[in-house]
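Undergrad: Enclosed is the structure file data38.cif (mmCIF, C-alpha atoms and all ligand atoms).
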```cif
data_protein
loop_
_atom_site.label_atom_id
_atom_site.label_comp_id
_atom_site.auth_asym_id
_atom_site.auth_seq_id
_atom_site.Cartn_x
_atom_site.Cartn_y
_atom_site.Cartn_z
CA MET A 1 12.88 -23.17 -9.51
CA GLY A 2 12.27 -20.65 -6.73
CA GLY A 3 15.57 -18.80 -6.98
CA GLY A 4 16.82 -16.61 -4.18
CA GLU A 5 16.14 -13.46 -6.16
CA ASP A 6 12.43 -14.13 -6.30
CA MET A 7 12.33 -14.55 -2.54
CA GLU A 8 14.20 -11.30 -2.12
CA GLU A 9 11.83 -9.48 -4.43
CA GLN A 10 8.89 -10.91 -2.52
CA THR A 11 10.36 -9.77 0.79
CA LYS A 12 10.92 -6.27 -0.60
CA ARG A 13 7.37 -6.14 -1.91
CA GLN A 14 6.06 -7.25 1.47
CA ARG A 15 8.04 -4.56 3.28
CA VAL A 16 6.82 -1.84 0.92
CA ARG A 17 3.28 -3.10 1.39
CA GLU A 18 3.58 -3.00 5.18
CA TYR A 19 5.06 0.48 5.06
CA LEU A 20 2.22 1.77 2.88
CA LEU A 21 -0.37 0.07 5.10
CA GLU A 22 0.89 2.18 7.99
CA GLY A 23 -0.66 5.03 6.03
CA ARG A 24 2.65 6.58 5.11
CA PRO A 25 3.38 8.19 1.74
CA LEU A 26 6.18 6.72 -0.36
CA SER A 27 8.03 7.98 -3.41
CA GLY A 28 10.13 5.99 -5.85
CA LEU A 29 13.35 7.44 -4.47
CA GLU A 30 12.38 6.61 -0.89
CA ALA A 31 11.47 3.07 -1.94
CA LEU A 32 14.89 2.70 -3.49
CA ARG A 33 16.71 4.10 -0.45
CA MET A 34 14.71 2.28 2.19
CA PHE A 35 13.90 -1.03 0.55
CA GLY A 36 16.18 -1.31 -2.48
CA VAL A 37 13.14 -1.34 -4.73
CA TYR A 38 13.74 -0.01 -8.24
CA ARG A 39 10.27 -0.27 -9.65
CA LEU A 40 7.85 1.03 -7.05
CA SER A 41 5.30 1.72 -9.81
CA HIS A 42 5.15 -2.02 -10.48
CA ILE A 43 4.41 -2.79 -6.83
CA ILE A 44 1.74 -0.08 -6.83
CA HIS A 45 0.24 -1.70 -9.91
CA LEU A 46 0.10 -5.07 -8.13
CA LEU A 47 -1.48 -3.50 -5.03
CA ARG A 48 -4.18 -1.88 -7.16
CA ASN A 49 -4.83 -5.24 -8.81
CA ASN A 50 -5.32 -6.64 -5.31
CA GLY A 51 -8.08 -4.15 -4.53
CA PHE A 52 -6.05 -1.48 -2.73
CA ILE A 53 -6.84 2.17 -3.42
CA VAL A 54 -3.57 3.98 -3.99
CA HIS A 55 -3.56 7.74 -4.44
CA THR A 56 -0.84 9.36 -6.50
CA THR A 57 0.28 12.91 -5.86
CA ARG A 58 2.93 14.74 -7.87
CA LYS A 59 5.64 16.67 -6.09
CA GLY A 60 8.67 18.83 -6.72
CA HIS A 61 10.03 20.30 -9.93
CA GLU A 62 10.58 16.80 -11.28
CA ASN A 63 6.91 16.06 -10.76
CA TYR A 64 7.77 12.75 -9.12
CA ALA A 65 4.99 10.47 -7.87
CA VAL A 66 4.23 9.97 -4.18
CA TYR A 67 1.93 7.06 -3.38
CA THR A 68 -0.45 6.73 -0.45
CA VAL A 69 -2.73 3.77 0.27
CA VAL A 70 -6.11 4.97 1.53
CA CYS A 71 -9.05 3.29 3.24
CA ASN A 72 -11.34 1.40 0.84
CA ASP A 73 -14.43 2.72 2.62
CA CYS A 74 -13.79 6.33 3.68
CA LYS A 75 -10.94 6.95 1.19
CA ILE A 76 -8.89 8.69 3.88
CA GLY A 77 -5.13 8.16 3.97
CA GLY A 78 -2.48 8.92 6.57
CA GLN A 79 -3.77 6.34 9.06
CA PRO A 80 -2.94 2.69 9.77
CA LEU A 81 -4.92 0.30 7.60
CA ILE A 82 -6.13 -3.23 8.17
CA GLU A 83 -5.92 -5.61 5.24
CA LEU A 84 -9.17 -7.15 4.07
CA ARG A 85 -9.42 -10.82 3.20
CA ASP A 86 -11.03 -10.09 -0.12
CA GLY A 87 -8.47 -7.47 -1.10
CA GLY A 88 -7.81 -3.87 -0.20
CA ALA A 89 -7.63 -2.37 3.26
CA VAL A 90 -9.71 -0.23 5.61
CA CYS A 91 -9.00 2.06 8.55
CA GLU A 92 -9.80 1.06 12.12
CA GLU A 93 -13.06 3.02 12.22
CA CYS A 94 -14.38 1.45 9.03
CA GLU A 95 -13.19 -1.98 10.21
CA LYS A 96 -15.38 -1.58 13.31
CA ARG A 97 -18.30 -0.43 11.19
CA ARG A 98 -17.91 -3.44 8.90
CA THR A 99 -17.70 -5.88 11.83
CA LYS A 100 -20.82 -4.37 13.40
CA GLY A 101 -22.64 -4.78 10.12
CA TYR A 102 -22.07 -8.52 10.20
CA VAL A 103 -23.21 -9.04 13.79
CA HIS A 104 -26.99 -9.02 14.25
ZN ZN A 201 -12.05 4.31 6.68
#
```
Would you encode the structure as structure tokens?
TA:
Amino acid sequence: MGGGEDMEEQTKRQRVREYLLEGRPLSGLEALRMFGVYRLSHIIHLLRNNGFIVHTTRKGHENYAVYTVVCNDCKIGGQPLIELRDGGAVCEECEKRRTKGYVH
């Protein structure tokens, strides 16, 4: 098992994930052009299952979906996010706040 296609799909998923974690919005068409991903909605589904908060906005006459991953704590998008061990991601500010909370 472990065919080359699976690896390729995994790599694509990883690249989409990294792109979204930079706080950048991504549409299905952009995902196809930039990463060769046909089913962005599936990747978004997986991300949500992993605790990420993904906002969907509708754009254009076609009403196509644009996805943005936002911070788990402050729910603000458009900024670089740091992945959490237990799923999801937070912005730098919230990361600091969380770290402080653990140190007494
Ligand atoms: Zn935040």
Undergrad: Suppose you want the space between atom CA of Glu22 of chain A and atom CA of Glu92 of chain A; what is it in Å?
TA: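 Distance between the two atoms: 11.5 Å.
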Undergrad: Counting only C-alpha atoms and all ligand atoms, which residue out of A:Gly51, A:Gly28, A:Gly23, A:Gly36 sits closest to ligand ZN 201 (chain A)?
TA: A:Gly23
Undergrad: How would you report the residues lying within 10 Å of ligand ZN 201 (chain A), as a list in words, if you count all atoms listed in the file?
TA: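 After applying the 10 Å limit, what remains is Val70, Cys71, Asn72, Asp73, Cys74, Lys75, Ile76, Gly77, Gln79, Pro80, Leu81, Ile82, Ala89, Val90, Cys91, Glu92, Glu93, Cys94, Glu95, Lys96, Arg97 and Arg98 of chain A.
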Undergrad: With 3 Å of padding per side, what axis-aligned box (centre and edge lengths, Å, one decimal) covers all the listed atoms of segment 80-92 of chain A? Give it as lines of an AutoDock Vina configuration file.
TA:
```
center_x = -7.0
center_y = -4.1
center_z = 5.5
size_x = 14.1
size_y = 19.5
size_z = 19.2
```
Undergrad: To one decimal in Å, tell me the separation between atom CA of Tyr64 of chain A and atom CA of Ser27 of chain A.
TA: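 Atom-to-atom, atom CA of Tyr64 of chain A and atom CA of Ser27 of chain A are spaced 7.4 Å apart.
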Undergrad: Find the spatial neighbours of Tyr67 of chain A, counting all atoms listed in the file, within a cut-off of 8 Å - ignore same-chain residues fewer than 4 positions away - and output them as a ChimeraX atom specification.
TA: /A:25-27,44,54-57
Undergrad: For C-alpha atoms, I'd like the residues from the last selection saved as a short mmCIF file (atom, residue, chain, number, x, y, z; two decimals), keeping the file's coordinate frame.
TA:
```cif
data_model
loop_
_atom_site.label_atom_id
_atom_site.label_comp_id
_atom_site.auth_asym_id
_atom_site.auth_seq_id
_atom_site.Cartn_x
_atom_site.Cartn_y
_atom_site.Cartn_z
CA PRO A 25 3.38 8.19 1.74
CA LEU A 26 6.18 6.72 -0.36
CA SER A 27 8.03 7.98 -3.41
CA ILE A 44 1.74 -0.08 -6.83
CA VAL A 54 -3.57 3.98 -3.99
CA HIS A 55 -3.56 7.74 -4.44
CA THR A 56 -0.84 9.36 -6.50
CA THR A 57 0.28 12.91 -5.86
#
```
Undergrad: Distance cut-off 12 Å, centre (12.9, -3.3, 4.6) in file coordinates, counting only C-alpha atoms: which residues qualify? Return them as a ChimeraX atom specification.
TA: /A:8-20,30-37
Undergrad: Between atom CA of Leu21 of chain A and atom CA of Thr68 of chain A, what is the distance in Å, rounded to a tenth?
TA: 8.7 Å
Undergrad: Could you tell me which of A:Thr99, A:Asp6, A:Val66, A:Leu84 comes closest to Arg24 of chain A if we count only C-alpha atoms?
TA: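 The shortest atom-to-atom distance to Arg24 of chain A comes from A:Val66.
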Undergrad: When you get a chance, write out N, CA and C atoms for segment 15-41 of chain A, as a PDB file, in the frame of the given file.
TA:
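Saved result, out37.pdb, follows:
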```
ATOM      1  N   ARG A  15       7.627  -5.670   2.411  1.00  0.00           N
ATOM      2  CA  ARG A  15       8.040  -4.560   3.280  1.00  0.00           C
ATOM      3  C   ARG A  15       7.454  -3.237   2.799  1.00  0.00           C
ATOM      4  N   VAL A  16       7.428  -3.052   1.486  1.00  0.00           N
ATOM      5  CA  VAL A  16       6.820  -1.840   0.920  1.00  0.00           C
ATOM      6  C   VAL A  16       5.334  -1.808   1.245  1.00  0.00           C
ATOM      7  N   ARG A  17       4.704  -2.967   1.102  1.00  0.00           N
ATOM      8  CA  ARG A  17       3.280  -3.100   1.390  1.00  0.00           C
ATOM      9  C   ARG A  17       2.972  -2.742   2.848  1.00  0.00           C
ATOM     10  N   GLU A  18       3.776  -3.290   3.757  1.00  0.00           N
ATOM     11  CA  GLU A  18       3.580  -3.000   5.180  1.00  0.00           C
ATOM     12  C   GLU A  18       3.768  -1.519   5.485  1.00  0.00           C
ATOM     13  N   TYR A  19       4.773  -0.948   4.861  1.00  0.00           N
ATOM     14  CA  TYR A  19       5.060   0.480   5.060  1.00  0.00           C
ATOM     15  C   TYR A  19       3.863   1.315   4.610  1.00  0.00           C
ATOM     16  N   LEU A  20       3.351   1.013   3.423  1.00  0.00           N
ATOM     17  CA  LEU A  20       2.220   1.770   2.880  1.00  0.00           C
ATOM     18  C   LEU A  20       0.953   1.564   3.714  1.00  0.00           C
ATOM     19  N   LEU A  21       0.811   0.358   4.289  1.00  0.00           N
ATOM     20  CA  LEU A  21      -0.370   0.070   5.100  1.00  0.00           C
ATOM     21  C   LEU A  21      -0.331   0.768   6.455  1.00  0.00           C
ATOM     22  N   GLU A  22       0.821   1.349   6.789  1.00  0.00           N
ATOM     23  CA  GLU A  22       0.890   2.180   7.990  1.00  0.00           C
ATOM     24  C   GLU A  22       0.311   3.563   7.689  1.00  0.00           C
ATOM     25  N   GLY A  23      -0.055   3.761   6.437  1.00  0.00           N
ATOM     26  CA  GLY A  23      -0.660   5.030   6.030  1.00  0.00           C
ATOM     27  C   GLY A  23       0.363   6.081   5.640  1.00  0.00           C
ATOM     28  N   ARG A  24       1.589   5.624   5.412  1.00  0.00           N
ATOM     29  CA  ARG A  24       2.650   6.580   5.110  1.00  0.00           C
ATOM     30  C   ARG A  24       2.850   6.731   3.600  1.00  0.00           C
ATOM     31  N   PRO A  25       3.123   7.965   3.164  1.00  0.00           N
ATOM     32  CA  PRO A  25       3.380   8.190   1.740  1.00  0.00           C
ATOM     33  C   PRO A  25       4.765   7.690   1.356  1.00  0.00           C
ATOM     34  N   LEU A  26       4.900   7.256   0.102  1.00  0.00           N
ATOM     35  CA  LEU A  26       6.180   6.720  -0.360  1.00  0.00           C
ATOM     36  C   LEU A  26       6.433   7.127  -1.801  1.00  0.00           C
ATOM     37  N   SER A  27       7.632   7.628  -2.041  1.00  0.00           N
ATOM     38  CA  SER A  27       8.030   7.980  -3.410  1.00  0.00           C
ATOM     39  C   SER A  27       8.987   6.924  -3.933  1.00  0.00           C
ATOM     40  N   GLY A  28       9.228   6.950  -5.224  1.00  0.00           N
ATOM     41  CA  GLY A  28      10.130   5.990  -5.850  1.00  0.00           C
ATOM     42  C   GLY A  28      11.525   6.046  -5.259  1.00  0.00           C
ATOM     43  N   LEU A  29      12.003   7.262  -5.015  1.00  0.00           N
ATOM     44  CA  LEU A  29      13.350   7.440  -4.470  1.00  0.00           C
ATOM     45  C   LEU A  29      13.443   6.887  -3.051  1.00  0.00           C
ATOM     46  N   GLU A  30      12.406   7.137  -2.261  1.00  0.00           N
ATOM     47  CA  GLU A  30      12.380   6.610  -0.890  1.00  0.00           C
ATOM     48  C   GLU A  30      12.338   5.080  -0.909  1.00  0.00           C
ATOM     49  N   ALA A  31      11.574   4.532  -1.827  1.00  0.00           N
ATOM     50  CA  ALA A  31      11.470   3.070  -1.940  1.00  0.00           C
ATOM     51  C   ALA A  31      12.823   2.462  -2.264  1.00  0.00           C
ATOM     52  N   LEU A  32      13.552   3.160  -3.111  1.00  0.00           N
ATOM     53  CA  LEU A  32      14.890   2.700  -3.490  1.00  0.00           C
ATOM     54  C   LEU A  32      15.844   2.774  -2.301  1.00  0.00           C
ATOM     55  N   ARG A  33      15.801   3.896  -1.584  1.00  0.00           N
ATOM     56  CA  ARG A  33      16.710   4.100  -0.450  1.00  0.00           C
ATOM     57  C   ARG A  33      16.386   3.181   0.718  1.00  0.00           C
ATOM     58  N   MET A  34      15.095   3.028   0.997  1.00  0.00           N
ATOM     59  CA  MET A  34      14.710   2.280   2.190  1.00  0.00           C
ATOM     60  C   MET A  34      14.604   0.778   1.964  1.00  0.00           C
ATOM     61  N   PHE A  35      14.162   0.395   0.778  1.00  0.00           N
ATOM     62  CA  PHE A  35      13.900  -1.030   0.550  1.00  0.00           C
ATOM     63  C   PHE A  35      14.688  -1.631  -0.615  1.00  0.00           C
ATOM     64  N   GLY A  36      15.432  -0.803  -1.337  1.00  0.00           N
ATOM     65  CA  GLY A  36      16.180  -1.310  -2.480  1.00  0.00           C
ATOM     66  C   GLY A  36      15.282  -1.699  -3.637  1.00  0.00           C
ATOM     67  N   VAL A  37      14.108  -1.061  -3.679  1.00  0.00           N
ATOM     68  CA  VAL A  37      13.140  -1.340  -4.730  1.00  0.00           C
ATOM     69  C   VAL A  37      13.330  -0.348  -5.883  1.00  0.00           C
ATOM     70  N   TYR A  38      13.526  -0.872  -7.087  1.00  0.00           N
ATOM     71  CA  TYR A  38      13.740  -0.010  -8.240  1.00  0.00           C
ATOM     72  C   TYR A  38      12.447   0.360  -8.951  1.00  0.00           C
ATOM     73  N   ARG A  39      11.500  -0.541  -8.905  1.00  0.00           N
ATOM     74  CA  ARG A  39      10.270  -0.270  -9.650  1.00  0.00           C
ATOM     75  C   ARG A  39       9.066  -0.228  -8.715  1.00  0.00           C
ATOM     76  N   LEU A  40       8.972   0.868  -7.970  1.00  0.00           N
ATOM     77  CA  LEU A  40       7.850   1.030  -7.050  1.00  0.00           C
ATOM     78  C   LEU A  40       6.534   1.032  -7.823  1.00  0.00           C
ATOM     79  N   SER A  41       6.538   1.628  -9.018  1.00  0.00           N
ATOM     80  CA  SER A  41       5.300   1.720  -9.810  1.00  0.00           C
ATOM     81  C   SER A  41       4.725   0.330 -10.095  1.00  0.00           C
TER      82      SER A  41
END
```
